[in-house]
Amino acid sequence: MLTTEEFNALYYSFEHRKYKAEEVLVKQGTIRPSLFFVNPGRVKLYYREDDSETLAKVVGRGEVIGASAFFSASVWTINAAALGYSEVSILNLE
C-alpha cells in the first residue's frame with residue numbers, strides 16, 4: 001500500500017502516451033529499461049524474422065510488459081505494437 005505522497009511521486013514519474021494502430025512501442029533488439037502499463041487498448045507482442053511476423057501474445061488493459069528489460073537491463077527479445085488506439089503509461093528506469 002502506498003501513501004498519497006508515494007503514489008503521487010510514482011504517478012508523476014510516468015510518461016503517458018497514446019498510440020495509433022500498429023505504432024511500435026519498442027523494437028526487438030533494443031535496450032529500453034522501461035515498464036509499460038497498458039491502459040485502454042491492446043498491445044501485441046511479436047517476433048519478426050526475415051519477412052515473417054509471429055504473434056506471441058496480446059496484452060490488454062491492466063497488464064504490464066517489459067519487466068525483464070526493466071529489472072535486469074536486458075535487450076528486448078520481442079517487439080511490441082499497439083493493436084488499434086491504445087494508451088500506455090511508461091515508467092523508465094531513470
# chains A, B, ... in the order shown; residues from 1 in each chain; ligands from 1
call {"tool": "residues_around", "arguments": {"residues": "Glu15 (chain A)", "least_positions_apart": "4", "cutoff": "12 Å", "atoms": "only C-alpha atoms", "output": "list in words"}}
result
Leu10, Tyr11, Ser34, Leu35, Phe36, Phe37, Glu87, Val88, Ser89, Ile90, Leu91, Asn92, Leu93 and Glu94 of chain A
call {"tool": "write_last_selection", "arguments": {"atoms": "all heavy atoms", "output": "compact mmCIF listing (two decimals), in the first residue's frame"}}
result
# COMPACT_ATOMS: atom_id res chain seq x y z
N LEU A 10 5.12 8.37 -7.73
CA LEU A 10 5.13 7.33 -8.76
C LEU A 10 4.34 7.77 -9.99
O LEU A 10 4.82 7.67 -11.12
CB LEU A 10 4.54 6.03 -8.20
CG LEU A 10 4.48 4.85 -9.16
CD1 LEU A 10 5.88 4.46 -9.62
CD2 LEU A 10 3.77 3.67 -8.51
N TYR A 11 3.15 8.30 -9.78
CA TYR A 11 2.29 8.71 -10.89
C TYR A 11 2.97 9.75 -11.78
O TYR A 11 2.95 9.65 -12.99
CB TYR A 11 0.96 9.26 -10.37
CG TYR A 11 0.05 9.71 -11.49
CD1 TYR A 11 -0.71 8.78 -12.20
CD2 TYR A 11 -0.03 11.05 -11.86
CE1 TYR A 11 -1.54 9.18 -13.24
CE2 TYR A 11 -0.84 11.46 -12.90
CZ TYR A 11 -1.59 10.52 -13.58
OH TYR A 11 -2.39 10.92 -14.62
N SER A 34 12.27 -0.11 -19.42
CA SER A 34 11.02 0.57 -19.10
C SER A 34 9.93 -0.46 -18.84
O SER A 34 9.92 -1.53 -19.43
CB SER A 34 10.58 1.46 -20.26
OG SER A 34 11.55 2.41 -20.58
N LEU A 35 9.00 -0.07 -17.97
CA LEU A 35 7.79 -0.86 -17.75
C LEU A 35 6.67 -0.17 -18.51
O LEU A 35 6.53 1.07 -18.44
CB LEU A 35 7.43 -0.92 -16.27
CG LEU A 35 8.33 -1.77 -15.38
CD1 LEU A 35 7.92 -1.60 -13.91
CD2 LEU A 35 8.26 -3.22 -15.77
N PHE A 36 5.86 -0.93 -19.23
CA PHE A 36 4.75 -0.40 -20.00
C PHE A 36 3.45 -0.91 -19.37
O PHE A 36 3.19 -2.11 -19.36
CB PHE A 36 4.84 -0.87 -21.45
CG PHE A 36 6.04 -0.33 -22.19
CD1 PHE A 36 7.28 -0.93 -22.04
CD2 PHE A 36 5.91 0.76 -23.01
CE1 PHE A 36 8.39 -0.44 -22.71
CE2 PHE A 36 7.02 1.26 -23.69
CZ PHE A 36 8.25 0.67 -23.54
N PHE A 37 2.65 0.00 -18.86
CA PHE A 37 1.37 -0.32 -18.24
C PHE A 37 0.28 -0.02 -19.27
O PHE A 37 0.08 1.13 -19.65
CB PHE A 37 1.14 0.53 -16.99
CG PHE A 37 2.11 0.24 -15.88
CD1 PHE A 37 3.41 0.75 -15.91
CD2 PHE A 37 1.74 -0.56 -14.80
CE1 PHE A 37 4.31 0.48 -14.88
CE2 PHE A 37 2.64 -0.83 -13.78
CZ PHE A 37 3.92 -0.31 -13.82
N GLU A 87 -3.63 3.46 -24.99
CA GLU A 87 -2.97 4.38 -24.09
C GLU A 87 -2.09 3.57 -23.16
O GLU A 87 -2.52 2.56 -22.60
CB GLU A 87 -3.99 5.18 -23.28
CG GLU A 87 -4.83 6.12 -24.12
CD GLU A 87 -5.85 6.90 -23.32
OE1 GLU A 87 -5.72 7.01 -22.09
OE2 GLU A 87 -6.79 7.40 -23.95
N VAL A 88 -0.84 4.02 -23.02
CA VAL A 88 0.14 3.27 -22.24
C VAL A 88 0.88 4.25 -21.33
O VAL A 88 1.26 5.34 -21.75
CB VAL A 88 1.16 2.56 -23.18
CG1 VAL A 88 2.23 1.83 -22.39
CG2 VAL A 88 0.43 1.61 -24.12
N SER A 89 1.06 3.85 -20.09
CA SER A 89 1.86 4.62 -19.13
C SER A 89 3.22 3.93 -19.03
O SER A 89 3.30 2.74 -18.78
CB SER A 89 1.18 4.67 -17.78
OG SER A 89 -0.06 5.36 -17.89
N ILE A 90 4.27 4.72 -19.20
CA ILE A 90 5.63 4.16 -19.26
C ILE A 90 6.44 4.65 -18.06
O ILE A 90 6.50 5.87 -17.81
CB ILE A 90 6.33 4.58 -20.56
CG1 ILE A 90 5.48 4.16 -21.77
CG2 ILE A 90 7.73 3.99 -20.64
CD1 ILE A 90 5.87 4.84 -23.05
N LEU A 91 7.04 3.72 -17.36
CA LEU A 91 7.93 4.04 -16.24
C LEU A 91 9.34 3.69 -16.69
O LEU A 91 9.67 2.52 -16.85
CB LEU A 91 7.56 3.26 -14.99
CG LEU A 91 8.41 3.54 -13.75
CD1 LEU A 91 8.28 5.00 -13.32
CD2 LEU A 91 8.02 2.62 -12.61
N ASN A 92 10.16 4.71 -16.91
CA ASN A 92 11.55 4.49 -17.31
C ASN A 92 12.40 4.28 -16.08
O ASN A 92 12.13 4.86 -15.02
CB ASN A 92 12.06 5.69 -18.12
CG ASN A 92 11.34 5.84 -19.43
OD1 ASN A 92 11.28 4.91 -20.21
ND2 ASN A 92 10.76 7.00 -19.67
N LEU A 93 13.44 3.46 -16.19
CA LEU A 93 14.29 3.13 -15.07
C LEU A 93 14.94 4.37 -14.46
O LEU A 93 15.10 4.46 -13.26
CB LEU A 93 15.35 2.11 -15.48
CG LEU A 93 16.27 1.60 -14.39
CD1 LEU A 93 15.46 0.92 -13.27
CD2 LEU A 93 17.28 0.62 -14.96
N GLU A 94 15.33 5.32 -15.32
CA GLU A 94 15.95 6.53 -14.79
C GLU A 94 15.04 7.18 -13.81
O GLU A 94 15.36 7.88 -12.94
CB GLU A 94 16.23 7.57 -15.87
CG GLU A 94 17.00 7.14 -17.02
CD GLU A 94 16.31 7.33 -18.36
OE1 GLU A 94 15.41 8.14 -18.53
OE2 GLU A 94 16.72 6.60 -19.24
call {"tool": "select_by_dssp", "arguments": {"residues": "chain A", "states": "strand (DSSP E or B)", "output": "NGL selection string"}}
result
:A and (15-19 or 24-26 or 34-38 or 42-49 or 52-60 or 64-65 or 79-83 or 86-92)
call {"tool": "select_by_dssp", "arguments": {"residues": "chain A", "states": "helix (DSSP H, G or I)", "output": "ChimeraX atom specification"}}
result
/A:4-11,67-72
call {"tool": "write_last_selection", "arguments": {"atoms": "C-alpha atoms", "output": "PDB file, in the first residue's frame"}}
result
ATOM      1  CA  THR A   4      -0.614   9.535  -1.018  1.00  0.00           C
ATOM      2  CA  GLU A   5       2.826  11.110  -1.291  1.00  0.00           C
ATOM      3  CA  GLU A   6       4.372   7.882  -2.630  1.00  0.00           C
ATOM      4  CA  PHE A   7       1.517   7.411  -5.104  1.00  0.00           C
ATOM      5  CA  ASN A   8       1.883  10.977  -6.405  1.00  0.00           C
ATOM      6  CA  ALA A   9       5.651  10.565  -6.816  1.00  0.00           C
ATOM      7  CA  LEU A  10       5.127   7.329  -8.761  1.00  0.00           C
ATOM      8  CA  TYR A  11       2.286   8.712 -10.893  1.00  0.00           C
ATOM      9  CA  ALA A  67       9.707  -6.469 -16.588  1.00  0.00           C
ATOM     10  CA  SER A  68      12.746  -8.417 -17.836  1.00  0.00           C
ATOM     11  CA  ALA A  69      14.281  -5.406 -19.566  1.00  0.00           C
ATOM     12  CA  PHE A  70      13.449  -3.153 -16.608  1.00  0.00           C
ATOM     13  CA  PHE A  71      14.747  -5.297 -13.749  1.00  0.00           C
ATOM     14  CA  SER A  72      17.726  -6.940 -15.442  1.00  0.00           C
TER      15      SER A  72
END
call {"tool": "atom_distance", "arguments": {"atom1": "CA of Leu2 (chain A)", "atom2": "CA of Phe14 (chain A)"}}
result
15.8 Å
call {"tool": "closest_residue", "arguments": {"among": "A:Val24, A:His16, A:Thr3, A:Thr30", "to": "Trp76 (chain A)", "atoms": "only C-alpha atoms"}}
result
A:Thr30
call {"tool": "atom_distance", "arguments": {"atom1": "CA of Glu22 (chain A)", "atom2": "CA of Asp51 (chain A)"}}
result
16.4 Å
call {"tool": "residues_around", "arguments": {"residues": "Arg42 (chain A)", "least_positions_apart": "2", "cutoff": "6 Å", "atoms": "only C-alpha atoms", "output": "PyMOL selection string"}}
result
chain A and resi 59-60+83
call {"tool": "write_last_selection", "arguments": {"atoms": "N, CA and C atoms", "output": "PDB file, in the first residue's frame"}}
result
ATOM      1  N   VAL A  59      -1.695  -8.392 -25.054  1.00  0.00           N
ATOM      2  CA  VAL A  59      -1.963  -7.944 -23.683  1.00  0.00           C
ATOM      3  C   VAL A  59      -2.952  -6.800 -23.731  1.00  0.00           C
ATOM      4  N   GLY A  60      -3.710  -6.651 -22.662  1.00  0.00           N
ATOM      5  CA  GLY A  60      -4.743  -5.619 -22.613  1.00  0.00           C
ATOM      6  C   GLY A  60      -4.691  -4.799 -21.347  1.00  0.00           C
ATOM      7  N   LEU A  83      -2.408  -2.457 -30.939  1.00  0.00           N
ATOM      8  CA  LEU A  83      -3.475  -3.032 -31.775  1.00  0.00           C
ATOM      9  C   LEU A  83      -4.641  -2.053 -31.692  1.00  0.00           C
TER      10      LEU A  83
END
call {"tool": "atom_distance", "arguments": {"atom1": "CA of Leu25 (chain A)", "atom2": "CA of Tyr85 (chain A)"}}
result
12.4 Å
